[in-house]
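Engineer: What follows is the file start06.cif, containing mmCIF, C-alpha atoms:
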```
data_query
loop_
_atom_site.label_atom_id
_atom_site.label_comp_id
_atom_site.auth_asym_id
_atom_site.auth_seq_id
_atom_site.Cartn_x
_atom_site.Cartn_y
_atom_site.Cartn_z
CA MET A 26 126.38 66.65 133.52
CA LYS A 27 126.82 64.45 130.46
CA ASN A 28 123.14 64.86 129.59
CA PHE A 29 123.09 68.61 130.17
CA PHE A 30 125.02 69.65 127.07
CA PRO A 31 122.75 67.89 124.50
CA ILE A 32 119.65 69.31 126.25
CA PHE A 33 121.19 72.77 126.27
CA VAL A 34 121.99 72.51 122.55
CA CYS A 35 118.42 71.38 121.79
CA VAL A 36 116.99 74.32 123.70
CA ILE A 37 119.22 76.74 121.78
CA LEU A 38 118.33 75.15 118.45
CA PHE A 39 114.62 75.15 119.27
CA SER A 40 114.73 78.81 120.27
CA SER A 41 116.57 79.75 117.10
CA CYS A 42 113.86 78.06 115.02
CA GLN A 43 111.13 80.17 116.57
CA PRO A 44 110.16 83.13 114.36
CA SER A 45 110.94 86.56 115.75
CA LYS A 46 108.18 89.12 116.28
CA GLU A 47 109.37 90.89 113.12
CA ASP A 48 109.06 87.62 111.21
CA VAL A 49 105.54 87.08 112.51
CA VAL A 50 104.50 90.56 111.31
CA LYS A 51 106.10 89.99 107.90
CA ASN A 52 104.45 86.58 107.60
CA LEU A 53 101.09 88.07 108.57
CA LEU A 54 101.34 90.78 105.91
CA GLU A 55 102.35 88.19 103.32
CA ALA A 56 99.33 86.06 104.22
CA GLU A 57 97.05 89.11 104.03
CA ASN A 58 98.47 90.09 100.64
CA SER A 59 97.62 86.63 99.35
CA PHE A 60 94.22 86.77 101.13
CA ASN A 61 94.96 83.48 102.89
CA LYS A 62 92.42 83.41 105.73
CA GLU A 63 93.70 80.14 107.18
CA LYS A 64 97.28 81.42 107.48
CA VAL A 65 96.15 84.78 108.88
CA SER A 66 94.01 82.97 111.45
CA GLN A 67 97.03 80.92 112.57
CA LEU A 68 99.11 84.06 113.12
CA ILE A 69 96.61 86.05 115.20
CA ALA A 70 95.32 85.24 118.68
CA ASP A 71 91.78 84.09 119.40
CA ASP A 72 91.09 87.34 121.30
CA PHE A 73 92.70 89.43 118.53
CA MET A 74 91.51 93.04 118.05
CA TYR A 75 92.15 95.53 115.25
CA TYR A 76 91.91 99.25 116.06
CA GLY A 77 91.73 101.47 112.98
CA THR A 78 88.92 103.38 111.30
CA ASP A 79 86.80 100.48 112.53
CA THR A 80 87.32 98.24 115.57
CA LEU A 81 87.29 94.58 114.50
CA ASN A 82 87.52 91.27 116.34
CA LYS A 83 89.19 88.20 114.84
CA GLU A 84 86.15 86.99 112.91
CA GLU A 85 85.45 90.46 111.49
CA TYR A 86 89.12 90.95 110.61
CA LEU A 87 89.19 87.70 108.64
CA SER A 88 85.92 88.53 106.86
CA ARG A 89 87.42 91.86 105.83
CA LEU A 90 89.89 89.98 103.62
CA ASP A 91 87.08 89.25 101.14
CA ASN A 92 86.54 92.98 100.58
CA LEU A 93 90.28 93.60 100.30
CA LYS A 94 90.58 90.79 97.76
CA SER A 95 87.86 92.32 95.56
CA ILE A 96 89.99 95.46 95.11
CA ASP A 97 93.36 93.66 95.26
CA CYS A 98 94.50 95.66 98.30
CA GLN A 99 98.18 95.16 99.14
CA GLY A 100 100.44 96.36 101.95
CA GLU A 101 104.19 96.91 101.88
CA ILE A 102 106.39 97.37 104.93
CA LEU A 103 108.53 100.49 104.52
CA SER A 104 110.11 100.30 107.97
CA ILE A 105 109.89 97.97 110.96
CA GLN A 106 111.13 98.22 114.57
CA ASP A 107 111.20 95.43 117.14
CA LEU A 108 110.83 97.21 120.50
CA ASP A 109 110.96 94.04 122.61
CA SER A 110 107.30 93.86 123.67
CA ILE A 111 105.82 95.43 120.51
CA VAL A 112 106.61 95.88 116.83
CA ARG A 113 106.08 99.20 115.08
CA THR A 114 105.83 99.56 111.31
CA GLU A 115 105.20 102.02 108.51
CA GLU A 116 103.16 100.30 105.81
CA GLN A 117 102.26 101.64 102.39
CA MET A 118 98.79 100.66 101.19
CA ARG A 119 97.58 100.41 97.61
CA ASN A 120 94.74 98.79 95.68
CA VAL A 121 93.99 98.18 92.00
CA ALA A 122 92.51 101.68 91.57
CA ASP A 123 95.64 103.30 93.04
CA LEU A 124 97.75 101.26 90.64
CA LEU A 125 95.81 101.78 87.41
CA LEU A 126 94.88 105.43 88.07
CA ASP A 127 98.49 106.13 89.11
CA ILE A 128 97.64 107.64 92.50
CA HIS A 129 100.50 109.46 94.27
CA PRO A 130 101.26 109.77 97.08
CA LEU A 131 99.94 106.50 98.46
CA ILE A 132 98.56 106.23 101.98
CA VAL A 133 101.04 105.10 104.64
CA GLN A 134 99.85 103.70 107.98
CA ARG A 135 101.91 103.70 111.17
CA ARG A 136 100.96 100.56 113.08
CA THR A 137 101.70 98.98 116.45
CA TYR A 138 101.59 95.17 116.80
CA ARG A 139 101.19 93.59 120.24
CA PHE A 140 101.75 89.92 120.96
CA ALA A 141 100.61 87.03 123.14
CA ASP A 142 102.25 83.58 122.94
CA LYS A 143 104.06 84.38 119.69
CA LYS A 144 100.80 85.44 118.02
CA VAL A 145 99.58 88.93 117.15
CA GLN A 146 97.08 89.94 119.80
CA SER A 147 96.25 93.39 118.43
CA ILE A 148 97.01 95.83 115.65
CA THR A 149 96.57 99.55 116.25
CA VAL A 150 96.72 102.11 113.45
CA ASP A 151 98.47 104.97 115.25
CA SER A 152 98.42 107.49 112.40
CA VAL A 153 97.88 107.81 108.65
CA LEU A 154 100.29 109.70 106.40
CA ASN A 155 99.51 111.32 103.03
CA TYR A 156 95.75 110.97 103.60
CA GLU A 157 94.60 114.41 102.38
CA GLU A 158 96.97 114.48 99.40
CA SER A 159 95.99 110.96 98.39
CA GLN A 160 92.24 111.64 98.73
CA LYS A 161 92.54 114.76 96.58
CA GLU A 162 94.36 112.80 93.89
CA ILE A 163 91.82 109.96 94.08
CA ASN A 164 88.91 112.41 93.77
CA GLU A 165 90.45 114.10 90.72
CA LYS A 166 90.87 110.76 88.93
CA TRP A 167 88.05 108.64 90.38
CA VAL A 168 85.09 110.96 89.66
CA PRO A 169 85.74 110.96 85.87
CA PHE A 170 86.02 107.16 85.94
CA VAL A 171 82.63 106.89 87.68
CA PHE A 172 81.09 109.18 85.03
CA TYR A 173 82.62 106.96 82.33
CA LEU A 174 80.98 103.87 83.89
CA TYR A 175 77.58 105.55 83.88
CA ASP A 176 77.98 106.95 80.37
CA LYS A 177 79.17 103.71 78.75
CA TYR A 178 77.44 101.04 80.82
CA GLY A 179 74.70 102.89 82.71
CA ILE A 180 76.15 101.55 85.97
CA GLU A 181 75.18 103.29 89.20
CA ASP A 182 75.13 100.31 91.57
CA TRP A 183 78.66 99.88 92.95
CA SER A 184 78.05 96.20 93.77
CA LYS A 185 77.94 95.56 90.01
CA VAL A 186 81.31 97.27 89.50
CA THR A 187 83.47 95.64 92.18
CA PRO A 188 83.67 92.09 90.70
CA ASP A 189 85.01 93.50 87.41
CA LEU A 190 86.69 96.62 88.75
CA LYS A 191 90.08 95.79 87.22
CA LYS A 192 88.49 95.24 83.78
CA TYR A 193 86.61 98.56 83.89
CA LEU A 194 89.66 100.46 85.14
CA SER A 195 91.84 98.92 82.42
CA GLU A 196 89.33 99.97 79.75
CA TYR A 197 89.17 103.50 81.11
CA THR A 198 92.94 103.97 81.44
CA ALA A 199 93.34 102.76 77.83
CA LEU A 200 91.37 105.76 76.56
CA SER A 201 93.25 108.56 74.82
CA ILE A 202 94.34 111.62 76.79
CA SER A 203 91.69 113.77 75.06
CA GLU A 204 88.92 111.24 75.81
CA LYS A 205 89.88 111.07 79.50
CA LYS A 206 90.02 114.86 79.67
CA GLN A 207 86.52 115.08 78.20
CA TYR A 208 85.18 112.65 80.79
CA LYS A 209 86.93 114.69 83.47
CA ASN A 210 85.23 117.87 82.28
CA TYR A 211 81.82 116.20 82.04
CA ALA A 212 82.22 114.65 85.50
CA PHE A 213 83.13 117.87 87.29
CA LEU A 214 80.43 119.87 85.48
CA GLN A 215 77.70 117.79 87.14
CA GLY A 216 75.87 119.73 89.85
CA THR A 217 74.93 123.31 90.65
CA TYR A 218 77.07 126.37 90.00
CA GLU A 219 76.22 129.73 91.59
CA SER A 220 77.41 133.24 90.77
CA LYS A 221 77.39 136.37 92.94
CA ASP A 222 78.67 138.74 90.28
CA CYS A 223 76.85 137.73 87.06
CA VAL A 224 74.18 140.33 86.22
CA PHE A 225 71.79 138.12 84.23
CA TYR A 226 72.28 134.57 85.48
CA LYS A 227 72.31 133.27 89.06
CA LYS A 228 72.68 129.50 88.73
CA LEU A 229 73.61 126.77 86.27
CA ILE A 230 72.55 123.18 86.99
CA PHE A 231 74.23 120.54 84.80
CA ARG A 232 72.80 117.03 84.38
CA GLY A 233 74.41 114.43 82.18
CA LYS A 234 76.19 115.19 78.90
CA LYS A 235 73.56 117.51 77.40
CA THR A 236 71.12 119.06 79.85
CA VAL A 237 71.55 122.29 81.80
CA THR A 238 69.02 124.40 83.71
CA ILE A 239 69.64 128.14 83.89
CA ILE A 240 68.16 130.31 86.65
CA ASP A 241 68.11 134.01 85.87
CA ALA A 242 69.34 136.57 88.39
CA ILE A 243 66.40 138.99 88.03
CA PHE A 244 63.21 136.93 88.53
CA GLY A 245 64.71 133.59 89.52
CA PHE A 246 62.93 131.81 86.68
CA PRO A 247 64.45 128.44 85.63
CA PHE A 248 64.58 127.22 82.06
CA SER A 249 66.19 124.08 80.73
CA THR A 250 68.29 123.89 77.60
CA SER A 251 71.25 121.97 76.21
CA TYR A 252 74.99 122.39 76.33
CA GLU A 253 78.06 120.97 74.64
CA LEU A 254 81.72 120.77 75.46
CA ASP A 255 84.52 122.01 73.22
CA GLU A 256 87.76 121.22 75.07
CA ASP A 257 87.61 123.59 78.11
CA ILE A 258 84.73 125.68 76.73
CA VAL A 259 81.10 125.03 77.71
CA LYS A 260 78.56 126.26 75.15
CA VAL A 261 75.06 126.73 76.57
CA ARG A 262 72.21 127.16 74.06
CA THR A 263 69.75 130.03 74.54
CA ASP A 264 67.31 131.88 72.26
CA ARG A 265 69.84 134.72 72.18
CA GLY A 266 72.70 132.52 71.04
CA ASP A 267 75.32 130.53 72.89
CA LEU A 268 76.53 131.45 76.36
CA LEU A 269 80.21 130.63 76.79
CA PHE A 270 81.89 129.46 79.98
CA ASN A 271 85.56 128.62 80.45
CA ILE A 272 86.38 125.69 82.76
CA LYS A 273 88.95 127.15 85.16
CA ASP A 274 89.18 124.10 87.44
CA SER A 275 86.98 121.30 88.81
CA LYS A 276 84.80 123.78 90.75
CA THR A 277 84.93 127.03 88.78
CA LEU A 278 83.45 128.35 85.53
CA ILE A 279 84.21 131.81 84.11
CA GLY A 280 81.38 133.24 82.02
CA GLU A 281 81.76 135.55 79.02
CA GLY A 282 79.50 138.27 77.54
CA PHE A 283 75.96 138.23 78.97
CA ALA A 284 77.09 135.41 81.26
CA GLY A 285 80.13 137.36 82.49
CA GLY A 286 81.05 136.38 86.04
CA THR A 287 82.44 133.61 88.18
CA PHE A 288 80.34 130.49 88.84
CA ILE A 289 81.34 128.22 91.73
CA ARG A 290 80.09 124.63 92.10
CA VAL A 291 78.17 124.29 95.38
CA ASN A 292 77.17 120.61 95.14
#
```
Would you mind writing the file's structure down as structure tokens?
Structural biologist:
Amino acid sequence: MKNFFPIFVCVILFSSCQPSKEDVVKNLLEAENSFNKEKVSQLIADDFMYYGTDTLNKEEYLSRLDNLKSIDCQGEILSIQDLDSIVRTEEQMRNVADLLLDIHPLIVQRRTYRFADKKVQSITVDSVLNYEESQKEINEKWVPFVFYLYDKYGIEDWSKVTPDLKKYLSEYTALSISEKKQYKNYAFLQGTYESKDCVFYKKLIFRGKKTVTIIDAIFGFPFSTSYELDEDIVKVRTDRGDLLFNIKDSKTLIGEGFAGGTFIRVN
């Protein structure tokens, strides 16, 4: 009986020193945010599985940290529930592009963590919040940035962008409002616009900052010419003078005069 009390106290003290499931999840996210593979590996089980957009085993999950590091991807726990056998969280995700392009709302993942021997055995992404709104915002701001990269540096290969992504994004976001608006207009002009109500012109195909191909609505003949931007006005050169188009939004041009009609971007 004399020896029982000290043993009992040791057991209690030992148990109190063991991290809770919530603590394990928080420690795991902290390790992931610092891209510490060794620490992450210690916190997840050998038979660990991740179930999200992709299904990953432990080795694949650890390798994924390299990609996340290249875009400085970070997670933040908004809420956490310890439900005895599992832990459920809501985690807000952001990367360097979200930060510098000021993307709102950010994506939030609802996750379930399951455990084995005090380690995370699996992570399941149950649902994703704000996905459509966030993707729309990203598209509106990302496409002009990509056009800027091609225009200034001639970069088309994404593998050449990722190592210096933060530098390129910082340069782009430092541009004036008018410069960024111009890149936005150039970016969303690229592609083919079709009209169903213009009498003389059926299609406009924009390429780069100067070239446009016009296809007439009568014979379907194409001819290439040049264009220029003046704020939200597109001036297309022809032998009859300039055709004017107003940029209504990222997919719509409104023609004037001989080009009167609505042109919708189809690709």
Engineer: Which polymer residues have any atom within 10 Å of an atom of region 148-164 of chain A, counting all atoms listed in the file, with same-chain residues fewer than 2 positions away left out, as number ranges by chain?
Structural biologist: A: 69, 73-78, 80-81, 112-117, 122-123, 126-140, 145-146, 166-170
Engineer: Find the residues around Thr263 (chain A) up to 10 Å (all atoms listed in the file counted), leave out those fewer than 5 positions away in its own chain, and share them as a PyMOL selection string.
Structural biologist: chain A and resi 239+248-252+268
Engineer: Expressed in Å to a single decimal, how great is the separation between CA of Lys83 (chain A) and CA of Ile105 (chain A)?
Structural biologist: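 About the pair CA of Lys83 (chain A) and CA of Ile105 (chain A): they are 23.2 Å apart.
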Engineer: Using all atoms listed in the file, which protein or nucleic acid residues come within 6 Å of region 255-261 of chain A? Drop anything in the same chain fewer than 2 positions from it, and give the result as a PyMOL selection string.
Structural biologist: chain A and resi 252-253+267-272
Engineer: Please return as a ChimeraX atom specification every residue within 12 Å of (89.4, 100.9, 82.3), taking into account only C-alpha atoms and the file's own coordinates.
Structural biologist: /A:121-122,124-126,166-167,169-171,173-174,177,186,189-201,205
Engineer: Please check which residues have atoms at most 7 Å from (95.3, 90.7, 98.3) in the file's coordinates, counting only C-alpha atoms, and write them as a PyMOL selection string.
Structural biologist: chain A and resi 57-60+93-94+97-99
Engineer: Find the residue from A:Cys223, A:Leu214, A:Leu254, A:Leu53 that sits nearest to Asp274 (chain A); use only C-alpha atoms when measuring.
Structural biologist: A:Leu214
Engineer: Using only C-alpha atoms, which of A:Gly179, A:Gly100, A:Gly286, A:Pro44 sits nearest Phe225 (chain A)?
Structural biologist: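 Nearest to Phe225 (chain A): A:Gly286.
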Engineer: Between CA of Glu101 (chain A) and CA of Met118 (chain A), what distance in Å does the model show, to one decimal?
Structural biologist: 6.6 Å
Engineer: From the options A:Ser104, A:Gln43, A:Ser203, A:Ser95, which residue's atoms come nearest to Pro188 (chain A), counting only C-alpha atoms?
Structural biologist: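 Checking each of A:Ser104, A:Gln43, A:Ser203, A:Ser95 against Pro188 (chain A), counting only C-alpha atoms, the winner is A:Ser95.
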Engineer: What does the distance between CA of Phe288 (chain A) and CA of Ile243 (chain A) come to in Å, to one decimal place?
Structural biologist: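 Value for the CA of Phe288 (chain A)-CA of Ile243 (chain A) distance: 16.3 Å.
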Engineer: What's the 9 Å shell around Ser275 (chain A), counting only C-alpha atoms, without same-chain residues fewer than 4 positions away, as a list in words?
Structural biologist: Glu165, Lys209, Asn210, Ala212, Phe213, Leu214 and Arg290 of chain A
Engineer: Compare A:Asp264, A:Asp79, A:Asp182, A:Asp241 by their minimum atom-to-atom distance to Ala284 (chain A), counting all atoms listed in the file, and give me the closest one.
Structural biologist: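 Of A:Asp264, A:Asp79, A:Asp182, A:Asp241, the one nearest Ala284 (chain A) is A:Asp241, counting all atoms listed in the file.
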Engineer: Counting only C-alpha atoms, which residue out of A:Gly282, A:Pro247, A:Lys64, A:Ala242 sits closest to Lys221 (chain A)?
Structural biologist: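 Looking only at the distances to Lys221 (chain A), the closest residue turns out to be A:Ala242.
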Engineer: Of the candidates A:Ile96, A:Val291, A:Leu108, A:Val49, which shows the shortest atom-to-atom distance to Glu219 (chain A), using only C-alpha atoms?
Structural biologist: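 Comparing A:Ile96, A:Val291, A:Leu108, A:Val49 against Glu219 (chain A), the winner is A:Val291.
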